[in-house]
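**Q** Got a structure for you, written out below as structure tokens; questions coming shortly.
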Amino acid sequence: MKKGKKKPSFRTKLIFLTLSACIISTLILGIAQMVLSVFHFSRQARSDLEFYLENTSGQFDTRIKNMENMVISLRHNNVLKHFIAGEAYNEQEAREQFANSTDLFSEMNMVDSASPFIDCIYLFNENGEWVSSRFYPETVENMELQNQIYKEINSSFLKSSNEYWYMTHDERAYVCMRVYNEEMEESGCCIISLGKSAVDTLFSKTKEYPESSWLITGEKGQILFANEKGKEQAKQMLEIQDLGSSEEKIGNQMTLFYGGKTGFGIELRMALPKNLIYASIRSTVQPFAVIFLIVIGITAIVVFAVSMRMTRPLKFIGEDIRKFGNGRLDAQMREFDTREFDEISTRFNEMTGQIKNLITEVYEKQLLATQAQVKYLQSQINPHFMFNILSMLSMKAGLQGNKELQKLLSAFSRLIQGKIFRNGEIEIPLFQEMELIEFYLLLQGERFAGKITYDILCSEEVKNARIPRLSVEPLVENAVSHGLEPKPGSGHIRVEAKEENGKLRIQIKDDGVGFDVEEQKKNKGQAVEDEKHTHIGLTNTQQMLHTIYGEEASMKIESTPGAGTCVTMCLPLEKGGRKSCGE
């Protein structure tokens with residue numbers, strides 16, 4: 001029959017279900033929280049990107065408006081009005097007034113503390129004369145070279161019919177515009193130089209957004225400034241006609257696009273990849289996810305610990321029931337601090353008590369019947385009757401002059417008396433144990449016709465020492481039965497008792513066949529079919545000494561096959577006594 005699969009315990013299933021329910025609930029809550037967080041952070045990230053677009057475009061527009069204000073202020077200055085009209089003017093005063101009106105060092109012109117948005121401005125009148133203002137000082141040689149460049153630009157611009165004209169050279173963008181007097185008649189030209197470093201600084205934050213692009217163009221699409229990505233995507237960005245904030249596909253990706261017109265026909269276009277929103281969300285949500293996983297782990301540990309604590313009584317109940325089922329009738333279930341479990345414990349203990357009483361009653365009835373049968377058998381062979389008969393036979397042998405037979409009968413009688421009739425005593429004097437040994441060896445020596453010889457030595461100071469009754473004599477019997485009897489030829493046994501280091505040392509040594517001590521240890525406690533070929537006397541004596549003395553007593557067994565055995569006992573030296581069983 002196929003063995004069924006072992007079923008899980010109720011405790012295991014309860015812990016598993018509780019743990020699963022808590023983890024699933026935490027996961028649902030965490031996922032819901034994460035979805036809400038993603039929604040919130042995506043809106044926040046989009047808002048941040050749109051704010052950046054608006055803020056950056058606003059700063060650029062502010063600088064362009066400042067340029068417009070500069071140009072407008074020129075025609076309201078009386079000194080510069082005379083200069084623009086070509087009338088009589090003081091050249092030095094005109095330069096000073098032009099520098100004050102343009103004020104390239106003003107905060108409105110600075111992108112940061114070291115980068116001016118306009119680094120140089122020239123004003124030409126109808127006669128081709130000019131005044132200029134520059135942020136960076138120039139050498140005389142460079143000044144002449146710059147004047148020549150601006151004169152050529154002015155000449156090229158006047159040949160065109162455009163309101164505005166643009167040119168890029170040497171990382172600068174030149175913006176040309178016509179100047180009108182108060183009667184709105186054309187009376188001159190203004191050329192403004194914009195530095196690339198200032199514009200790059202204005203758009204420097206775009207470096208934090210990979211794949212972002214920006215583009216500054218003239219009114220006919222001439223590129224004045226752009227970053228690398230803006231140059232790559234210039235064609236797609238210029239194709240977008242609806243300026244303002246919108247979502248546009250540029251290249252292969254969706255972007256948040258902003259386009260706007262400013263003064264002097266200049267247009268600004270900026271695009272930020274929409275996936276920046278998701279990248280921002282990812283960087284924000286990742287720590288949340290890690291914390292969430294840690295919370296799940298802590299929750300699982302806490303729930304597991306609480307479940308283990310709450311279901312521990314079930315484990316104890318199962319263990320106690322198994323003990324009782326394995327025959328431990330005295331098994332009692334422990335008390336619990338929970339009312340329901342404590343009631344189970346109380347009822348179980350009451351039930352086991354009743355079962356034990358019923359079994360005990362049956363056992364006692366059987367025991368009484370057995371004892372009655374044993375007493376009956378014992379009465380058939382009365383020990384006193386046996387002892388009296390042996391004594392009578394010993395006397396008859398003596399009267400008939402058979403001293404040898406009388407001696408043997410007397411020894412056997414004393415041996416029977418010592419082994420059977422004194423079974424109520426736990427301890428006896430050492431010399432009485434030695435007498436039993438001598439009676440036994442005398443009989444065995446006679447039995448084997450001189451094959452067994454012996455020596456019994458007991459020092460005077462230990463002969464009255466108290467030892468457990470029949471603790472040495474069985475070892476002598478073991479030596480004769482297992483050591484000397486199987487040996488071909490004669491054998492010798494020596495029994496010696498003396499005091500050593502404050503303890504009683506008793507040694508039984510024979511020159512018999514010996515045995516393998518390690519093999520005996522392996523077979524200890526195992527069933528043996530032929531018990532008379534075992535060394536059960538050694539095992540019984542060891543158990544008795546451990547029961548009476550505990551760790552205070554020791555017994556050492558040394559044996560070599562073919563050479564003999566030596567057993568050494570060390571016992572506490574007691575010259576008082578222990579109570580007998582009958583006392």
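Note on naming: chains are A, B, ... as they come in the structure tokens, residues start from 1 per chain, ligands start from 1 in the order shown.
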Can you tell me, as a short mmCIF file (atom, residue, chain, number, x, y, z; two decimals) with N, CA, C and O atoms, in the first residue's frame, what residues are no more than 6 Å from stretch 111-126 of chain A when counting only C-alpha atoms, ignoring any on the same chain fewer than 3 positions away?

**A**
```cif
data_model
loop_
_atom_site.label_atom_id
_atom_site.label_comp_id
_atom_site.auth_asym_id
_atom_site.auth_seq_id
_atom_site.Cartn_x
_atom_site.Cartn_y
_atom_site.Cartn_z
N ILE A 84 22.21 111.47 -34.27
CA ILE A 84 21.52 110.64 -35.26
C ILE A 84 21.09 111.49 -36.47
O ILE A 84 21.17 111.03 -37.63
N GLU A 129 28.76 108.07 -39.50
CA GLU A 129 29.53 108.24 -38.26
C GLU A 129 28.94 107.31 -37.19
O GLU A 129 27.77 106.95 -37.24
N TRP A 130 29.75 107.00 -36.23
CA TRP A 130 29.27 106.04 -35.21
C TRP A 130 29.78 106.37 -33.81
O TRP A 130 30.79 107.07 -33.66
N VAL A 131 29.03 105.92 -32.86
CA VAL A 131 29.48 105.88 -31.46
C VAL A 131 29.27 104.43 -31.00
O VAL A 131 28.39 103.72 -31.49
N SER A 132 30.08 104.00 -30.06
CA SER A 132 29.99 102.59 -29.62
C SER A 132 30.18 102.48 -28.10
O SER A 132 30.72 103.38 -27.46
N SER A 133 29.71 101.36 -27.60
CA SER A 133 29.90 101.02 -26.17
C SER A 133 30.17 99.52 -26.10
O SER A 133 29.51 98.72 -26.76
N ARG A 134 31.17 99.13 -25.31
CA ARG A 134 31.53 97.71 -25.22
C ARG A 134 31.77 97.32 -23.77
O ARG A 134 32.16 98.17 -22.95
N PHE A 135 31.53 96.09 -23.49
CA PHE A 135 31.70 95.59 -22.11
C PHE A 135 33.17 95.26 -21.82
O PHE A 135 33.68 95.58 -20.75
N SER A 187 16.67 107.23 -39.55
CA SER A 187 17.77 108.17 -39.40
C SER A 187 19.08 107.51 -39.00
O SER A 187 20.05 108.21 -38.73
N GLY A 188 19.11 106.20 -38.91
CA GLY A 188 20.37 105.55 -38.52
C GLY A 188 20.21 104.04 -38.40
O GLY A 188 19.17 103.46 -38.75
N CYS A 189 21.28 103.45 -37.93
CA CYS A 189 21.30 101.98 -37.77
C CYS A 189 21.98 101.62 -36.45
O CYS A 189 22.97 102.26 -36.06
N CYS A 190 21.43 100.60 -35.79
CA CYS A 190 22.01 100.11 -34.51
C CYS A 190 22.41 98.64 -34.70
O CYS A 190 21.61 97.84 -35.20
N ILE A 191 23.65 98.33 -34.32
CA ILE A 191 24.16 96.94 -34.43
C ILE A 191 24.51 96.46 -33.03
O ILE A 191 25.30 97.10 -32.32
N ILE A 192 23.91 95.35 -32.65
CA ILE A 192 24.12 94.79 -31.30
C ILE A 192 24.81 93.44 -31.43
O ILE A 192 24.39 92.59 -32.23
N SER A 193 25.85 93.25 -30.64
CA SER A 193 26.60 91.97 -30.63
C SER A 193 26.21 91.17 -29.38
O SER A 193 26.31 91.67 -28.26
N LEU A 194 25.75 89.93 -29.63
CA LEU A 194 25.38 89.04 -28.52
C LEU A 194 26.47 87.96 -28.37
O LEU A 194 26.82 87.29 -29.35
N ALA A 198 27.35 84.00 -22.93
CA ALA A 198 26.23 84.46 -22.10
C ALA A 198 24.97 83.66 -22.42
O ALA A 198 24.21 83.28 -21.52
#
```

**Q** Neighbouring residues of A:Leu272 were defined as those with any atom within 7 Å, considering only C-alpha atoms; residues of the same chain fewer than 6 positions away were excluded. Please report them as a PyMOL selection string.

**A** chain A and resi 212-213+255-257

**Q** Tell me which protein, DNA and RNA residues are within 7 Å of stretch 512-523 of chain A, counting only C-alpha atoms, leaving out same-chain ones fewer than 2 positions away, and put them as a tab-separated table (two decimals) with N, CA and C atoms, in the first residue's frame.

**A**
```
chain	number	residue	atom	x	y	z
A	483	GLY	N	36.30	-16.09	31.48
A	483	GLY	CA	37.75	-16.00	31.31
A	483	GLY	C	38.47	-17.31	31.52
A	484	LEU	N	38.16	-18.00	32.65
A	484	LEU	CA	38.95	-19.18	32.99
A	484	LEU	C	38.34	-20.48	32.47
A	486	PRO	N	36.64	-21.16	29.64
A	486	PRO	CA	36.94	-21.46	28.23
A	486	PRO	C	38.43	-21.68	27.97
A	487	LYS	N	39.30	-21.35	28.95
A	487	LYS	CA	40.74	-21.42	28.72
A	487	LYS	C	41.23	-22.86	28.81
A	491	GLY	N	44.05	-21.82	35.20
A	491	GLY	CA	43.96	-20.38	35.22
A	491	GLY	C	44.01	-19.84	36.63
A	510	ASP	N	42.35	-11.66	36.03
A	510	ASP	CA	42.49	-13.08	35.67
A	510	ASP	C	43.37	-13.19	34.44
A	525	GLY	N	23.60	-3.24	25.67
A	525	GLY	CA	22.17	-2.93	25.60
A	525	GLY	C	21.44	-3.63	24.49
A	526	GLN	N	22.16	-4.42	23.62
A	526	GLN	CA	21.49	-5.12	22.55
A	526	GLN	C	21.09	-6.51	23.00
A	559	SER	N	41.02	-5.48	28.94
A	559	SER	CA	41.05	-6.89	28.54
A	559	SER	C	41.74	-7.03	27.20
A	560	THR	N	42.54	-8.09	27.10
A	560	THR	CA	43.23	-8.40	25.85
A	560	THR	C	42.91	-9.83	25.48
A	561	PRO	N	42.34	-10.08	24.31
A	561	PRO	CA	42.05	-11.45	23.91
A	561	PRO	C	43.28	-12.34	23.99
A	562	GLY	N	43.14	-13.46	24.73
A	562	GLY	CA	44.23	-14.42	24.89
A	562	GLY	C	45.16	-14.11	26.04
A	563	ALA	N	44.99	-12.93	26.71
A	563	ALA	CA	45.91	-12.56	27.80
A	563	ALA	C	45.20	-12.37	29.13
A	564	GLY	N	43.91	-12.10	29.14
A	564	GLY	CA	43.19	-11.96	30.39
A	564	GLY	C	42.47	-10.63	30.52
A	565	THR	N	41.82	-10.47	31.67
A	565	THR	CA	40.98	-9.29	31.92
A	565	THR	C	41.31	-8.75	33.30
```

**Q** Which neighbours of A:Ile64 fall inside 10 Å, counting only C-alpha atoms, when residues of the same chain fewer than 6 positions from it are skipped, and could you give them as a PyMOL selection string?

**A** chain A and resi 58+70+109+117-118+262-264+266

**Q** Could you save those same residues with N, CA and C atoms as a compact mmCIF listing (two decimals), in the first residue's frame?

**A**
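out-v9.txt was written with the following content:
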```txt
# COMPACT_ATOMS: atom_id res chain seq x y z
N GLY A 58 11.38 83.07 -20.40
CA GLY A 58 11.11 84.38 -19.81
C GLY A 58 12.38 85.19 -19.61
N MET A 70 16.79 99.76 -24.80
CA MET A 70 18.01 100.52 -25.10
C MET A 70 17.84 101.32 -26.40
N ASN A 109 21.44 93.44 -18.07
CA ASN A 109 22.23 92.94 -19.20
C ASN A 109 23.10 91.74 -18.81
N PHE A 117 24.91 89.80 -21.64
CA PHE A 117 24.10 89.33 -22.77
C PHE A 117 24.50 90.10 -24.03
N ILE A 118 24.60 91.47 -23.91
CA ILE A 118 25.11 92.31 -25.01
C ILE A 118 26.52 92.70 -24.64
N THR A 262 10.17 86.95 -29.97
CA THR A 262 10.58 88.06 -29.11
C THR A 262 10.82 89.29 -29.99
N GLY A 263 11.50 90.29 -29.48
CA GLY A 263 11.78 91.48 -30.26
C GLY A 263 12.81 91.26 -31.34
N PHE A 264 12.87 92.22 -32.29
CA PHE A 264 13.84 92.21 -33.40
C PHE A 264 13.69 90.98 -34.28
N ILE A 266 13.41 87.95 -33.50
CA ILE A 266 14.11 86.78 -32.98
C ILE A 266 13.08 85.79 -32.41
```

**Q** Counting only C-alpha atoms, what is within 7 Å of A:Cys458, bar same-chain residues fewer than 4 positions away, as an mmCIF file with all heavy atoms, in the first residue's frame?

**A**
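Heads up, here's the output in selection_2.cif:
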```
data_model
loop_
_atom_site.group_PDB
_atom_site.id
_atom_site.type_symbol
_atom_site.label_atom_id
_atom_site.label_comp_id
_atom_site.auth_asym_id
_atom_site.auth_seq_id
_atom_site.Cartn_x
_atom_site.Cartn_y
_atom_site.Cartn_z
ATOM 1 N N LYS A 463 38.893 -3.608 55.554
ATOM 2 C CA LYS A 463 38.038 -4.785 55.605
ATOM 3 C C LYS A 463 36.647 -4.476 56.143
ATOM 4 O O LYS A 463 35.686 -5.183 55.846
ATOM 5 C CB LYS A 463 38.698 -5.900 56.415
ATOM 6 C CG LYS A 463 38.802 -5.612 57.918
ATOM 7 C CD LYS A 463 39.387 -6.799 58.648
ATOM 8 C CE LYS A 463 39.390 -6.576 60.171
ATOM 9 N NZ LYS A 463 39.922 -7.765 60.888
ATOM 10 N N GLU A 496 41.983 -8.177 44.932
ATOM 11 C CA GLU A 496 42.725 -7.378 45.904
ATOM 12 C C GLU A 496 41.929 -6.128 46.243
ATOM 13 O O GLU A 496 41.374 -5.471 45.349
ATOM 14 C CB GLU A 496 44.085 -6.980 45.339
ATOM 15 C CG GLU A 496 44.928 -6.170 46.313
ATOM 16 C CD GLU A 496 46.279 -5.761 45.725
ATOM 17 O OE1 GLU A 496 46.481 -5.920 44.498
ATOM 18 O OE2 GLU A 496 47.115 -5.278 46.490
ATOM 19 N N ALA A 497 41.871 -5.813 47.559
ATOM 20 C CA ALA A 497 41.172 -4.605 48.026
ATOM 21 C C ALA A 497 42.107 -3.815 48.920
ATOM 22 O O ALA A 497 42.713 -4.382 49.839
ATOM 23 C CB ALA A 497 39.905 -4.975 48.770
ATOM 24 N N LYS A 498 42.227 -2.492 48.669
ATOM 25 C CA LYS A 498 43.085 -1.656 49.485
ATOM 26 C C LYS A 498 42.651 -0.195 49.347
ATOM 27 O O LYS A 498 41.825 0.151 48.483
ATOM 28 C CB LYS A 498 44.544 -1.816 49.082
ATOM 29 C CG LYS A 498 44.850 -1.362 47.659
ATOM 30 C CD LYS A 498 46.321 -1.552 47.350
ATOM 31 C CE LYS A 498 46.640 -1.094 45.913
ATOM 32 N NZ LYS A 498 48.072 -1.261 45.598
#
```

**Q** For a quick check of understanding, using only C-alpha atoms, which of A:Asn55, A:Thr299, A:Asn501, A:Gln97 has the smallest distance to A:Ile23?

**A**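 Closest to A:Ile23 of all the choices is A:Thr299.
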
**Q** Would you mind listing what lies within 12 Å of A:Ser73 as JSON, numbers by chain, with only C-alpha atoms counted and same-chain residues fewer than 3 positions away left out?

**A** {"A": [66, 67, 68, 69, 70, 76, 77, 78, 79, 80, 81, 97, 98, 99, 100, 101, 102, 103, 179, 180, 181, 182]}

**Q** Using N, CA and C atoms, can you write the selected residues to a file as a CSV table (one decimal), in the first residue's frame?

**A**
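result_33.csv, written as the output of this step:
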```csv
chain,number,residue,atom,x,y,z
A,66,ASN,N,15.0,94.2,-22.9
A,66,ASN,CA,16.0,95.2,-22.5
A,66,ASN,C,16.7,95.8,-23.7
A,67,MET,N,17.0,95.0,-24.7
A,67,MET,CA,17.6,95.5,-25.9
A,67,MET,C,16.7,96.5,-26.6
A,68,GLU,N,15.4,96.2,-26.6
A,68,GLU,CA,14.4,97.1,-27.2
A,68,GLU,C,14.4,98.5,-26.5
A,69,ASN,N,14.4,98.4,-25.2
A,69,ASN,CA,14.4,99.6,-24.4
A,69,ASN,C,15.6,100.4,-24.6
A,70,MET,N,16.8,99.8,-24.8
A,70,MET,CA,18.0,100.5,-25.1
A,70,MET,C,17.8,101.3,-26.4
A,76,HIS,N,15.3,109.4,-27.5
A,76,HIS,CA,14.8,110.3,-26.5
A,76,HIS,C,15.9,111.1,-25.8
A,77,ASN,N,17.1,110.8,-26.2
A,77,ASN,CA,18.3,111.5,-25.6
A,77,ASN,C,18.6,112.7,-26.5
A,78,ASN,N,18.6,114.0,-26.0
A,78,ASN,CA,18.8,115.2,-26.8
A,78,ASN,C,20.1,115.2,-27.5
A,79,VAL,N,21.2,114.7,-26.8
A,79,VAL,CA,22.5,114.7,-27.5
A,79,VAL,C,22.6,113.7,-28.6
A,80,LEU,N,22.0,112.6,-28.3
A,80,LEU,CA,22.0,111.5,-29.4
A,80,LEU,C,21.1,111.8,-30.5
A,81,LYS,N,20.0,112.6,-30.3
A,81,LYS,CA,19.1,113.0,-31.3
A,81,LYS,C,19.9,113.9,-32.4
A,97,GLN,N,27.0,109.9,-23.5
A,97,GLN,CA,25.6,109.7,-23.4
A,97,GLN,C,25.2,108.3,-23.9
A,98,PHE,N,25.9,107.9,-25.0
A,98,PHE,CA,25.5,106.6,-25.6
A,98,PHE,C,25.9,105.5,-24.6
A,99,ALA,N,27.0,105.6,-23.9
A,99,ALA,CA,27.4,104.6,-22.9
A,99,ALA,C,26.4,104.5,-21.7
A,100,ASN,N,26.0,105.7,-21.3
A,100,ASN,CA,25.0,105.8,-20.2
A,100,ASN,C,23.6,105.2,-20.6
A,101,SER,N,23.2,105.5,-21.8
A,101,SER,CA,21.9,105.0,-22.3
A,101,SER,C,21.9,103.5,-22.5
A,102,THR,N,22.9,103.0,-23.0
A,102,THR,CA,23.0,101.5,-23.2
A,102,THR,C,23.3,100.8,-21.9
A,103,ASP,N,24.2,101.3,-21.1
A,103,ASP,CA,24.6,100.7,-19.8
A,103,ASP,C,24.8,99.2,-19.8
A,179,VAL,N,17.0,102.7,-37.0
A,179,VAL,CA,16.7,103.6,-35.9
A,179,VAL,C,15.9,104.7,-36.5
A,180,TYR,N,14.8,105.1,-35.8
A,180,TYR,CA,13.9,106.1,-36.3
A,180,TYR,C,13.9,107.3,-35.3
A,181,ASN,N,13.7,108.5,-35.8
A,181,ASN,CA,13.6,109.7,-35.0
A,181,ASN,C,12.2,109.7,-34.4
A,182,GLU,N,11.9,110.9,-33.7
A,182,GLU,CA,10.6,111.0,-33.1
A,182,GLU,C,9.5,111.1,-34.1
```

**Q** In Å to one decimal, how far is atom CA of A:Glu138 from atom CA of A:Asn90?

**A** 23.0 Å

**Q** For the alpha helix (DSSP H) assignment from backbone DSSP, which residues of stretch 109-296 of chain A qualify? Please present them as a PyMOL selection string.

**A** chain A and resi 140-159+196-202+228-232+234-238+275-296

**Q** Calculated over only C-alpha atoms, which of the candidates A:Ile250, A:Lys229, A:Glu141, A:Ala173 has the smallest distance to A:Ile153?

**A** A:Ala173

**Q** Name the residues in contact with A:Asp48 at a cut-off of 10 Å, using only C-alpha atoms, excluding same-chain residues fewer than 6 positions from it; report them as a ChimeraX atom specification.

**A** /A:42,54,277
